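Text of protein.cif, listed as mmCIF, C-alpha atoms:
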data_run
#
loop_
_atom_site.label_atom_id
_atom_site.label_comp_id
_atom_site.auth_asym_id
_atom_site.auth_seq_id
_atom_site.Cartn_x
_atom_site.Cartn_y
_atom_site.Cartn_z
CA MET A 1 0.78 -11.18 11.39
CA CYS A 2 1.16 -7.51 12.26
CA THR A 3 -0.74 -4.78 10.52
CA THR A 4 1.48 -3.54 7.77
CA CYS A 5 3.79 -6.39 7.00
CA GLY A 6 3.29 -9.62 8.82
CA CYS A 7 6.27 -9.07 11.11
CA SER A 8 6.68 -10.34 14.68
CA VAL A 9 4.54 -13.44 14.70
CA GLY A 10 4.26 -13.62 10.93
CA GLN A 11 6.49 -15.11 8.30
CA ALA A 12 8.11 -11.99 6.85
CA ARG A 13 11.89 -12.22 6.86
CA VAL A 14 14.71 -9.80 6.05
CA ASN A 15 17.73 -11.81 4.95
CA GLY A 16 16.24 -14.86 6.63
CA LYS A 17 15.71 -13.19 10.02
CA SER A 18 12.30 -12.22 11.33
CA ILE A 19 11.90 -8.50 11.83
CA ALA A 20 11.03 -6.62 15.01
CA ALA A 21 7.45 -5.76 15.73
CA HIS A 22 6.05 -2.27 15.30
CA LEU A 23 6.46 0.22 18.06
CA THR A 24 3.50 0.24 20.37
CA THR A 25 2.35 2.90 22.77
CA GLY A 26 3.05 0.66 25.74
CA GLN A 27 -0.47 1.15 26.99
CA SER A 28 -2.58 -1.90 27.43
CA LEU A 29 -5.79 -2.38 25.57
CA LYS A 30 -8.92 -2.89 27.63
CA TYR A 31 -10.76 -5.67 25.94
CA ARG A 32 -14.17 -6.74 27.09
CA PRO A 33 -14.98 -10.17 25.71
CA LEU A 34 -18.43 -10.65 24.33
CA GLU A 35 -20.77 -11.91 26.99
CA GLN A 36 -23.01 -14.82 26.36
CA ALA A 37 -25.83 -12.32 26.76
CA HIS A 38 -24.87 -10.69 23.51
CA THR A 39 -26.06 -13.62 21.48
CA THR A 40 -28.78 -15.12 23.67
CA HIS A 41 -29.98 -11.79 25.08
CA SER A 42 -30.48 -12.88 28.64
CA HIS A 43 -29.63 -10.58 31.53
CA SER A 44 -28.81 -13.08 34.21
CA THR A 45 -25.87 -11.41 35.92
CA PRO A 46 -26.80 -8.77 38.46
CA ALA A 47 -24.80 -5.54 38.43
CA ASN A 48 -23.46 -5.98 41.91
CA PRO A 49 -23.67 -8.66 44.56
CA ASP A 50 -26.16 -6.66 46.65
CA GLN A 51 -28.79 -7.10 44.03
CA THR A 52 -31.02 -10.11 43.98
CA PRO A 53 -31.30 -12.11 40.78
CA GLY A 54 -34.79 -10.67 40.28
CA THR A 55 -33.48 -7.10 39.84
CA LEU A 56 -33.32 -5.62 36.36
CA HIS A 57 -30.54 -3.06 36.24
CA PHE A 58 -29.93 -1.13 33.04
CA GLY A 59 -27.06 0.95 34.31
CA THR A 60 -24.39 -1.74 34.20
CA GLY A 61 -22.70 -0.51 31.06
CA LEU A 62 -19.64 1.72 30.90
CA ALA A 63 -21.70 4.84 31.49
CA ALA A 64 -23.00 3.29 34.76
CA ALA A 65 -26.26 5.12 34.21
CA HIS A 66 -29.32 4.66 32.14
CA ALA A 67 -31.68 7.14 30.56
CA PRO A 68 -34.60 6.15 28.35
CA GLY A 69 -33.72 6.40 24.69
CA ILE A 70 -29.99 6.72 25.31
CA SER A 71 -27.95 3.57 24.97
CA GLN A 72 -24.56 2.90 26.54
CA SER A 73 -22.99 3.12 23.11
CA ARG A 74 -21.55 6.32 21.70
CA MET A 75 -20.07 7.48 18.44
CA VAL A 76 -16.38 8.09 18.04
CA LYS A 77 -15.04 10.13 15.12
CA ILE A 78 -11.84 8.67 13.75
CA GLU A 79 -11.28 10.09 10.25
CA ARG A 80 -8.09 8.14 9.65
CA ASP A 81 -6.83 6.68 6.43
CA ILE A 82 -6.53 2.89 6.56
CA LEU A 83 -3.08 3.14 5.04
CA ALA A 84 -2.03 5.85 7.51
CA LYS A 85 0.33 3.49 9.32
CA ASN A 86 2.07 2.38 6.14
CA ASN A 87 2.26 5.97 4.94
CA GLN A 88 3.93 7.07 8.18
CA TYR A 89 6.67 4.49 7.65
CA ALA A 90 6.91 5.48 3.97
CA ASP A 91 7.36 9.16 4.88
CA LYS A 92 10.12 8.21 7.30
CA ASN A 93 11.87 6.16 4.59
CA ARG A 94 11.49 8.96 2.04
CA HIS A 95 12.91 11.54 4.44
CA TYR A 96 15.88 9.29 5.24
CA LEU A 97 16.59 8.59 1.56
CA THR A 98 16.12 12.15 0.30
CA GLU A 99 18.32 13.57 3.03
CA ARG A 100 21.16 11.34 1.87
CA GLY A 101 20.59 11.89 -1.85
CA ILE A 102 19.62 8.26 -2.48
CA PHE A 103 17.51 7.97 -5.63
CA THR A 104 15.08 5.11 -4.98
CA LEU A 105 13.02 3.21 -7.53
CA ASN A 106 10.28 0.68 -6.75
CA LEU A 107 10.15 -1.87 -9.60
CA VAL A 108 6.73 -3.46 -10.00
CA SER A 109 5.42 -5.98 -12.52
CA SER A 110 3.77 -9.36 -12.84
CA PRO A 111 5.99 -12.40 -12.18
CA GLY A 112 8.30 -13.26 -15.06
CA SER A 113 8.45 -9.88 -16.78
CA GLY A 114 12.23 -9.81 -16.41
CA LYS A 115 12.75 -7.50 -13.44
CA THR A 116 15.80 -9.29 -12.08
CA THR A 117 17.47 -9.65 -15.47
CA LEU A 118 16.85 -5.95 -16.08
CA LEU A 119 18.37 -5.11 -12.70
CA VAL A 120 21.47 -7.22 -13.31
CA LYS A 121 21.97 -5.56 -16.71
CA THR A 122 21.39 -2.08 -15.27
CA ILE A 123 23.91 -2.71 -12.49
CA GLN A 124 26.47 -3.93 -15.04
CA MET A 125 26.03 -0.71 -17.03
CA LEU A 126 25.94 1.71 -14.07
CA GLY A 127 27.82 -0.08 -11.32
CA GLU A 128 31.16 1.61 -11.94
CA LYS A 129 29.64 5.08 -12.19
CA LEU A 130 27.71 5.28 -8.93
CA PRO A 131 27.07 3.18 -5.81
CA ILE A 132 24.04 0.92 -6.12
CA ALA A 133 22.14 -1.18 -3.57
CA VAL A 134 19.17 -3.49 -4.01
CA ILE A 135 16.25 -4.67 -1.87
CA GLU A 136 14.70 -7.85 -3.25
CA GLY A 137 11.13 -8.83 -2.40
CA ASP A 138 9.76 -12.32 -2.91
CA GLN A 139 7.37 -14.59 -1.05
CA GLN A 140 10.03 -17.27 -0.66
CA THR A 141 13.70 -18.06 -1.51
CA ASP A 142 16.69 -15.75 -1.93
CA TYR A 143 17.37 -16.81 -5.53
CA ASP A 144 16.96 -13.26 -6.84
CA ALA A 145 19.26 -11.84 -4.15
CA ALA A 146 21.88 -14.42 -5.17
CA ARG A 147 21.68 -13.22 -8.79
CA ILE A 148 22.15 -9.61 -7.66
CA ARG A 149 24.92 -10.54 -5.21
CA ALA A 150 26.89 -12.00 -8.14
CA THR A 151 27.17 -8.43 -9.50
CA GLU A 152 28.88 -7.45 -6.20
CA VAL A 153 26.43 -4.78 -5.10
CA PRO A 154 24.95 -4.94 -1.56
CA VAL A 155 21.57 -6.66 -1.51
CA ILE A 156 18.95 -7.52 1.11
CA GLN A 157 16.31 -10.15 0.49
CA ILE A 158 12.88 -9.65 2.06
CA ASN A 159 10.66 -12.72 2.10
CA THR A 160 7.06 -11.71 2.64
CA GLY A 161 5.96 -15.22 3.65
CA LYS A 162 2.28 -15.32 2.77
CA GLY A 163 2.22 -11.59 1.98
CA CYS A 164 1.63 -10.39 -1.56
CA HIS A 165 3.54 -7.09 -1.48
CA LEU A 166 6.33 -5.21 0.26
CA ASP A 167 5.31 -2.49 2.68
CA ALA A 168 7.08 0.55 4.07
CA HIS A 169 7.79 -1.06 7.45
CA MET A 170 9.65 -4.01 5.89
CA VAL A 171 11.59 -1.68 3.61
CA GLY A 172 12.50 0.52 6.61
CA HIS A 173 14.13 -2.49 8.26
CA ALA A 174 15.97 -3.40 5.06
CA ILE A 175 17.26 0.19 4.64
CA GLN A 176 18.75 0.09 8.14
CA GLN A 177 20.61 -3.12 7.36
CA LEU A 178 21.97 -2.11 3.95
CA PRO A 179 25.32 -0.33 3.71
CA LEU A 180 23.77 2.63 1.84
CA GLN A 181 26.11 5.36 0.60
CA ASN A 182 25.17 9.00 0.19
CA ASP A 183 24.34 10.09 -3.38
CA SER A 184 23.62 6.59 -4.57
CA LEU A 185 20.95 4.54 -6.29
CA LEU A 186 18.60 2.11 -4.53
CA PHE A 187 16.41 -0.38 -6.39
CA ILE A 188 13.53 -2.09 -4.64
CA GLU A 189 12.33 -5.11 -6.61
CA ASN A 190 8.78 -5.66 -5.40
CA VAL A 191 6.98 -9.01 -5.26
CA GLY A 192 5.83 -9.99 -8.75
CA ASN A 193 2.19 -8.87 -8.57
CA LEU A 194 0.34 -6.25 -10.62
CA VAL A 195 -2.37 -5.62 -8.02
CA CYS A 196 -1.36 -5.22 -4.38
CA PRO A 197 1.95 -3.30 -4.57
CA SER A 198 0.16 -0.38 -6.28
CA GLY A 199 -1.43 0.79 -3.03
CA PHE A 200 1.60 0.57 -0.76
CA ASP A 201 3.98 3.52 -0.77
CA LEU A 202 7.47 2.41 0.27
CA GLY A 203 9.08 5.85 0.35
CA GLU A 204 10.44 5.56 -3.19
CA ALA A 205 10.93 8.45 -5.63
CA HIS A 206 9.08 6.61 -8.42
CA LYS A 207 7.27 3.39 -9.15
CA VAL A 208 8.50 1.87 -12.40
CA VAL A 209 6.15 -0.66 -13.98
CA ILE A 210 7.66 -3.30 -16.24
CA LEU A 211 5.55 -5.04 -18.85
CA SER A 212 6.97 -7.67 -21.16
CA VAL A 213 5.74 -8.18 -24.71
CA THR A 214 4.93 -11.83 -23.99
CA GLU A 215 2.13 -10.79 -21.61
CA GLY A 216 -0.56 -9.30 -23.84
CA GLU A 217 -1.45 -5.75 -24.85
CA ASP A 218 -4.39 -5.32 -22.51
CA LYS A 219 -2.54 -5.57 -19.17
CA PRO A 220 -2.78 -1.79 -18.53
CA LEU A 221 -6.57 -1.97 -18.82
CA LYS A 222 -6.80 -5.18 -16.79
CA TYR A 223 -4.64 -3.87 -13.93
CA PRO A 224 -5.23 -0.10 -14.11
CA ASP A 225 -4.22 0.75 -10.53
CA MET A 226 -0.61 -0.19 -11.09
CA PHE A 227 -0.29 1.75 -14.34
CA HIS A 228 -1.99 4.71 -12.69
CA ALA A 229 0.51 4.65 -9.80
CA ALA A 230 3.62 4.32 -12.01
CA ASP A 231 5.81 7.19 -13.23
CA LEU A 232 7.57 5.18 -15.95
CA MET A 233 6.70 2.10 -17.97
CA LEU A 234 9.36 -0.18 -19.38
CA LEU A 235 8.28 -2.46 -22.20
CA ASN A 236 10.70 -5.36 -21.87
CA LYS A 237 11.70 -8.33 -24.07
CA CYS A 238 11.27 -6.23 -27.23
CA ASP A 239 13.80 -8.50 -28.98
CA LEU A 240 11.01 -11.10 -29.14
CA LEU A 241 8.63 -8.84 -31.09
CA PRO A 242 9.38 -10.40 -34.50
CA HIS A 243 8.16 -13.75 -33.16
CA LEU A 244 4.99 -12.46 -31.51
CA ASN A 245 1.68 -11.06 -32.50
CA PHE A 246 2.02 -8.09 -30.16
CA ASP A 247 0.86 -4.56 -30.98
CA VAL A 248 3.24 -2.12 -29.24
CA ASN A 249 1.25 0.98 -30.17
CA LEU A 250 -1.96 -0.52 -28.82
CA THR A 251 -0.28 -1.30 -25.47
CA ILE A 252 1.07 2.24 -25.19
CA ASP A 253 -2.36 3.60 -26.13
CA TYR A 254 -3.97 1.49 -23.38
CA ALA A 255 -1.35 2.63 -20.85
CA HIS A 256 -2.02 6.26 -21.79
CA ARG A 257 -5.76 5.79 -21.28
CA ILE A 258 -4.95 4.98 -17.65
CA ASN A 259 -2.09 7.43 -17.22
CA PRO A 260 -1.91 9.97 -20.10
CA THR A 261 1.54 11.35 -19.25
CA LEU A 262 3.25 7.99 -18.55
CA PRO A 263 6.60 7.86 -20.37
CA VAL A 264 7.31 4.52 -22.05
CA ILE A 265 10.75 3.06 -22.87
CA GLN A 266 10.93 0.02 -25.14
CA LEU A 267 13.90 -2.16 -24.34
CA SER A 268 15.39 -5.61 -24.17
CA ALA A 269 17.37 -6.38 -21.04
CA THR A 270 18.97 -9.48 -22.57
CA HIS A 271 19.93 -7.89 -25.92
CA GLY A 272 20.61 -4.39 -24.61
CA SER A 273 18.44 -2.40 -27.01
CA GLY A 274 16.78 0.63 -25.40
CA MET A 275 18.90 0.28 -22.25
CA LEU A 276 20.63 3.63 -22.83
CA ALA A 277 17.30 5.49 -22.69
CA TRP A 278 16.56 3.77 -19.36
CA ILE A 279 20.04 4.65 -18.03
CA ASP A 280 19.52 8.30 -19.11
CA TRP A 281 16.19 8.37 -17.28
CA ILE A 282 17.90 7.07 -14.11
CA ALA A 283 20.73 9.61 -14.48
CA ALA A 284 18.21 12.47 -14.75
CA GLY A 285 16.51 11.18 -11.57
CA CYS A 286 19.84 11.01 -9.73
CA ARG A 287 20.60 14.62 -10.73
CA GLN A 288 17.17 15.74 -9.52
CA THR A 289 17.72 13.93 -6.20
CA ALA A 290 21.07 15.67 -5.75
CA ILE A 291 19.45 19.09 -6.39
CA THR A 292 16.68 18.32 -3.87
CA LYS A 293 19.24 17.23 -1.28
CA GLN A 294 21.35 20.37 -1.79
CA SER A 295 18.41 22.75 -1.61
CA ALA A 296 17.14 21.00 1.52
CA HIS A 297 20.58 21.36 3.10
CA SER A 298 20.93 25.01 2.14
CA ILE A 299 17.50 25.77 3.62
CA ASP A 300 18.55 23.92 6.78
CA SER A 301 21.76 25.95 7.05
CA THR A 302 19.96 29.24 6.31
CA LEU A 303 17.41 28.59 9.01
CA GLY A 304 20.17 27.49 11.32
CA MET B 305 -5.05 -10.62 -0.86
CA HIS B 306 -4.11 -7.09 0.22
CA GLU B 307 -7.58 -6.81 1.78
CA LEU B 308 -6.12 -8.90 4.62
CA SER B 309 -3.45 -6.25 5.28
CA LEU B 310 -6.10 -3.55 5.07
CA ALA B 311 -8.36 -5.39 7.54
CA GLU B 312 -5.43 -5.69 9.93
CA SER B 313 -4.67 -1.96 9.58
CA LEU B 314 -8.32 -1.28 10.29
CA LEU B 315 -8.22 -3.28 13.52
CA GLN B 316 -4.98 -1.61 14.59
CA LEU B 317 -6.46 1.87 14.09
CA ILE B 318 -9.53 0.81 16.07
CA GLU B 319 -7.37 -0.53 18.91
CA GLU B 320 -5.35 2.71 18.99
CA ALA B 321 -8.60 4.68 19.19
CA ALA B 322 -9.81 2.36 21.98
CA ILE B 323 -6.75 3.16 24.10
CA LYS B 324 -7.06 6.91 23.48
CA GLN B 325 -10.80 7.21 23.81
CA ASN B 326 -11.39 4.55 26.41
CA PHE B 327 -13.96 2.20 24.96
CA THR B 328 -14.04 -1.55 25.28
CA ARG B 329 -16.26 -2.74 22.50
CA VAL B 330 -16.94 -1.71 18.93
CA LYS B 331 -20.40 -2.29 17.50
CA THR B 332 -20.20 -0.64 14.10
CA VAL B 333 -17.40 0.67 11.89
CA TRP B 334 -18.17 3.17 9.15
CA LEU B 335 -15.65 3.07 6.39
CA GLU B 336 -15.43 5.55 3.51
CA LEU B 337 -14.40 3.72 0.39
CA GLY B 338 -13.78 5.48 -2.90
CA GLN B 339 -15.01 3.88 -6.09
CA LEU B 340 -11.54 4.05 -7.65
CA THR B 341 -9.67 2.26 -4.85
CA CYS B 342 -8.26 -1.18 -5.46
CA VAL B 343 -10.43 -2.75 -2.73
CA GLU B 344 -13.00 -5.50 -3.02
CA GLN B 345 -15.69 -4.76 -0.42
CA GLU B 346 -16.83 -8.33 0.17
CA SER B 347 -13.25 -9.53 0.49
CA LEU B 348 -12.49 -6.79 3.04
CA ARG B 349 -15.66 -7.69 4.97
CA PHE B 350 -14.64 -11.36 5.02
CA TYR B 351 -11.11 -10.67 6.31
CA PHE B 352 -12.41 -8.11 8.81
CA ASP B 353 -14.73 -10.76 10.29
CA VAL B 354 -11.83 -13.22 10.48
CA ILE B 355 -9.23 -10.97 12.08
CA THR B 356 -11.58 -9.28 14.56
CA GLN B 357 -12.45 -12.57 16.24
CA ASP B 358 -11.54 -12.40 19.93
CA SER B 359 -10.75 -8.71 19.56
CA ILE B 360 -12.39 -5.53 20.70
CA ALA B 361 -14.27 -5.43 17.40
CA GLN B 362 -15.62 -8.96 17.47
CA GLN B 363 -18.95 -9.16 15.64
CA ALA B 364 -18.71 -5.46 14.77
CA LYS B 365 -20.67 -4.47 11.68
CA LEU B 366 -18.64 -3.04 8.85
CA GLU B 367 -20.62 -0.37 6.99
CA PHE B 368 -19.32 1.09 3.75
CA ILE B 369 -19.90 4.69 2.73
CA ALA B 370 -19.38 4.73 -1.02
CA ILE B 371 -17.58 7.74 -2.45
CA LEU B 372 -18.11 8.27 -6.14
CA GLY B 373 -15.18 8.84 -8.43
CA HIS B 374 -14.87 12.42 -9.59
CA GLY B 375 -12.37 14.05 -11.91
CA VAL B 376 -11.51 17.15 -13.92
CA CYS B 377 -10.54 17.00 -17.59
CA ASP B 378 -7.03 18.39 -18.20
CA HIS B 379 -8.07 19.63 -21.64
CA CYS B 380 -11.53 21.18 -21.31
CA HIS B 381 -11.37 21.66 -17.51
CA ARG B 382 -14.87 20.35 -16.97
CA SER B 383 -15.58 18.13 -14.00
CA MET B 384 -17.45 14.83 -14.16
CA PHE B 385 -18.15 11.59 -12.36
CA ILE B 386 -15.77 8.81 -13.35
CA ALA B 387 -16.25 5.10 -12.77
CA SER B 388 -12.75 3.82 -13.58
CA HIS B 389 -9.19 4.93 -14.29
CA HIS B 390 -9.77 4.73 -18.04
CA THR B 391 -12.87 6.88 -18.23
CA ILE B 392 -13.03 9.15 -21.25
CA CYS B 393 -14.07 12.81 -20.89
CA SER B 394 -17.74 12.98 -21.83
CA HIS B 395 -17.27 16.49 -23.28
CA CYS B 396 -14.06 16.40 -25.33
CA GLY B 397 -13.09 12.71 -25.46
CA SER B 398 -9.74 13.07 -23.68
CA TYR B 399 -8.35 10.39 -21.38
CA ALA B 400 -6.35 12.97 -19.44
CA LEU B 401 -8.50 13.31 -16.33
CA THR B 402 -7.19 14.37 -12.95
CA ILE B 403 -8.91 12.43 -10.19
CA THR B 404 -10.28 14.71 -7.48
CA GLN B 405 -12.32 12.20 -5.51
CA GLY B 406 -12.81 8.44 -5.27
CA GLU B 407 -9.47 7.19 -3.94
CA GLU B 408 -10.46 7.53 -0.25
CA MET B 409 -10.04 4.63 2.15
CA ARG B 410 -10.79 6.06 5.56
CA ILE B 411 -12.37 5.05 8.86
CA LYS B 412 -15.05 7.67 9.36
CA GLU B 413 -16.48 6.82 12.76
CA LEU B 414 -17.19 4.03 15.20
CA GLU B 415 -20.16 3.12 17.33
CA VAL B 416 -18.62 2.00 20.59
CA GLU B 417 -19.54 1.21 24.17
#
Taking this structure as input, can you express it in the form of structure tokens?
Amino acid sequence: MCTTCGCSVGQARVNGKSIAAHLTTGQSLKYRPLEQAHTTHSHSTPANPDQTPGTLHFGTGLAAAHAPGISQSRMVKIERDILAKNNQYADKNRHYLTERGIFTLNLVSSPGSGKTTLLVKTIQMLGEKLPIAVIEGDQQTDYDAARIRATEVPVIQINTGKGCHLDAHMVGHAIQQLPLQNDSLLFIENVGNLVCPSGFDLGEAHKVVILSVTEGEDKPLKYPDMFHAADLMLLNKCDLLPHLNFDVNLTIDYAHRINPTLPVIQLSATHGSGMLAWIDWIAAGCRQTAITKQSAHSIDSTLG
Amino acid sequence: MHELSLAESLLQLIEEAAIKQNFTRVKTVWLELGQLTCVEQESLRFYFDVITQDSIAQQAKLEFIAILGHGVCDHCHRSMFIASHHTICSHCGSYALTITQGEEMRIKELEVE
């Protein structure tokens, strides 16, 4: 599995096809296998054939010299973020999407919170007003993509294989394969998981966390990273509230302990309540994306 | 599970450094890890040992440099150490804290030969 996504020799698939490996520098890596000496600490091999087996030679390391108190090893400063690779791909995606005025949302939640149902409903309400495309992420199957395809918007399914989250490299491949229109809306439905997707930027404008009222009030405190990373929380399945012992205010209070400015929309994707507030939020985001695109273009034309 | 991806990223950054800086074995890796990151140290150590087998970093030691969480209260503007995302301001009781430190996840340096 490759570093950011499990491509190449891994099991990650975009619409059933394995994706190309990352770009490499083309230079080969010099790898010196561990000698037996490393574990047994015997120095049996002479440095060069002229030396007799009785010679002790301490200058056989890379430095080809030896001074008392100075070992062959040296320190190398790196100072690089572990997620630097993913973030490079994410920046590329974000640049591509912003330039074309594509408002992109990364939908994250635990499995079964109703992400796909919400998407289908959202597409039905918005589909005639602006072009929409969807990237679906799941470990296996293209069941979700089939549900989206039934709404007649373009969709790409990414199967992460053993992976637990989408990453920016996978999404970059999916973006290239989707027929994306300028000034449109792109939904990325992440793998159902409240832990891992929080750390992986995909190049989206916002992460939207979905919590359903059947899950328990304390989810924001149990999985704080995700609620910290999100810019909007949707409380789904609110039509079930009369049948449940679920305290909405307590959940919102918990979410605000993690992320004090997090806006919350209560809705029911199946019954339609609260959907208009969600659609308004999307519309405001689309307008903002259009303004960003225009100002970027006008700066480009001013600077020539 | 994402510790596996992180361990693989770690090895890839090390291999890139090996090509640029011309070393052939890594003995120790120092990793700065903020207290507020979503990373389990022992899990990362386990996966790092697994994926570095037969690599340039085989049997390399992974040393963590802990970085404490630090934040500034949005209301009273005082700074304080924070242990989690839902820490309450010890001065005014607000939850609105802006994190200034503790989300780092960075390779600091390597001991190589």
Practice item. Find, counting only C-alpha atoms, the residue in B:Thr404, B:Ile360, B:Phe385, B:Leu348 that gets nearest to chain A. Key: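 Result for the nearest residue to chain A: B:Ile360.
From atom CA of Ile252 of chain A back to atom CA of Leu267 of chain A, the distance works out to 13.6 Å.
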Practice item. Point out the residue among A:Leu185, A:Ile19, A:Met233, A:Leu262 with the least atom-to-atom distance to chain B, counting only C-alpha atoms. Key: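 Once distances to chain B are computed over only C-alpha atoms, the minimum belongs to A:Leu262.
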Review point. Between atom CA of Ile279 of chain A and atom CA of Thr98 of chain A, what is the distance, to one decimal in Å?
Key: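 One can read the atom CA of Ile279 of chain A to atom CA of Thr98 of chain A distance as 20.2 Å.
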Practice item. Evaluate the PyMOL selection byres ((chain B) within 6 of (chain A)) and record the selected residues as a list in words, following the chain and residue labels used in the document. Key: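 Given this file, the PyMOL selection byres ((chain B) within 6 of (chain A)) evaluates to His306, Glu312, Ser313, Leu314, Ile323, Thr328, Ile360, His389, His390, Tyr399, Ala400, Met409, Arg410, Ile411, Lys412, Glu413, Leu414, Glu415, Val416 and Glu417 of chain B.
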**Study point:** Residues matched by the PyMOL selection byres ((chain A and resi 93) around 8) as number ranges by chain
**Key:** A: 89-92, 94-97, 168, 171-172, 202-204
Review point. So what do you get for atom CA of Ile355 of chain B versus atom CA of Ile158 of chain A, distance-wise?
Key: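 If I compute the distance from atom CA of Ile355 of chain B to atom CA of Ile158 of chain A, I get 24.3 Å.
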Using the chain letters and numbers from the file, which residues does the PyMOL selection byres ((chain B and resi 376-384) around 8) grab, as a short mmCIF file (atom, residue, chain, number, x, y, z; two decimals) with C-alpha atoms, in the coordinates of the input?
data_model
loop_
_atom_site.label_atom_id
_atom_site.label_comp_id
_atom_site.auth_asym_id
_atom_site.auth_seq_id
_atom_site.Cartn_x
_atom_site.Cartn_y
_atom_site.Cartn_z
CA HIS B 374 -14.87 12.42 -9.59
CA GLY B 375 -12.37 14.05 -11.91
CA PHE B 385 -18.15 11.59 -12.36
CA ILE B 386 -15.77 8.81 -13.35
CA CYS B 393 -14.07 12.81 -20.89
CA SER B 394 -17.74 12.98 -21.83
CA HIS B 395 -17.27 16.49 -23.28
CA CYS B 396 -14.06 16.40 -25.33
CA SER B 398 -9.74 13.07 -23.68
CA TYR B 399 -8.35 10.39 -21.38
CA ALA B 400 -6.35 12.97 -19.44
CA LEU B 401 -8.50 13.31 -16.33
CA THR B 402 -7.19 14.37 -12.95
CA ILE B 403 -8.91 12.43 -10.19
CA THR B 404 -10.28 14.71 -7.48
#
Please identify all polymer residues within 7 Å of His206 of chain A, counting only C-alpha atoms, omitting same-chain residues fewer than 5 positions from it, and present them as an mmCIF file with C-alpha atoms, in the coordinates of the input.
data_model
loop_
_atom_site.group_PDB
_atom_site.id
_atom_site.type_symbol
_atom_site.label_atom_id
_atom_site.label_comp_id
_atom_site.auth_asym_id
_atom_site.auth_seq_id
_atom_site.Cartn_x
_atom_site.Cartn_y
_atom_site.Cartn_z
ATOM 1 C CA LEU A 105 13.020 3.210 -7.530
ATOM 2 C CA ASN A 106 10.280 0.680 -6.750
ATOM 3 C CA ALA A 230 3.620 4.320 -12.010
ATOM 4 C CA ASP A 231 5.810 7.190 -13.230
#
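The neighbours of Lys129 of chain A here are the residues that come within 12 Å of it, using only C-alpha atoms and leaving out any residue fewer than 2 positions away in the same chain; they are A:Thr122, A:Ile123, A:Gln124, A:Met125, A:Leu126, A:Gly127, A:Pro131, A:Ile132, A:Asp183, A:Ser184, A:Leu185, A:Ile279, A:Ala283, A:Cys286.
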Go ahead and write the selection's residues with C-alpha atoms as a compact mmCIF listing (two decimals), in the coordinates of the input.
# COMPACT_ATOMS: atom_id res chain seq x y z
CA THR A 122 21.39 -2.08 -15.27
CA ILE A 123 23.91 -2.71 -12.49
CA GLN A 124 26.47 -3.93 -15.04
CA MET A 125 26.03 -0.71 -17.03
CA LEU A 126 25.94 1.71 -14.07
CA GLY A 127 27.82 -0.08 -11.32
CA PRO A 131 27.07 3.18 -5.81
CA ILE A 132 24.04 0.92 -6.12
CA ASP A 183 24.34 10.09 -3.38
CA SER A 184 23.62 6.59 -4.57
CA LEU A 185 20.95 4.54 -6.29
CA ILE A 279 20.04 4.65 -18.03
CA ALA A 283 20.73 9.61 -14.48
CA CYS A 286 19.84 11.01 -9.73
Exercise for review: In the coordinates of the file, take the point (-12.3, -9.3, 11.9) and a cut-off of 12 Å; then, counting only C-alpha atoms, name each qualifying protein, DNA or RNA residue as JSON, numbers by chain.
Suggested key: {"B": [307, 308, 309, 310, 311, 312, 313, 314, 315, 316, 318, 330, 332, 333, 347, 348, 349, 350, 351, 352, 353, 354, 355, 356, 357, 358, 359, 360, 361, 362, 363, 364, 365, 366]}
Point to revise | Distance query segment 294-298 of chain A at most 10 Å, only C-alpha atoms, self and fewer than 5 positions along chain excluded, as an MDAnalysis selection string | key: chainID A and resid 98:101 288:289 303:304
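Here the question is which of B:Gln339, B:Gln405, B:Gln345, B:Glu319 gets nearest to Ala387 of chain B using all atoms listed in the file, and that residue is B:Gln339.
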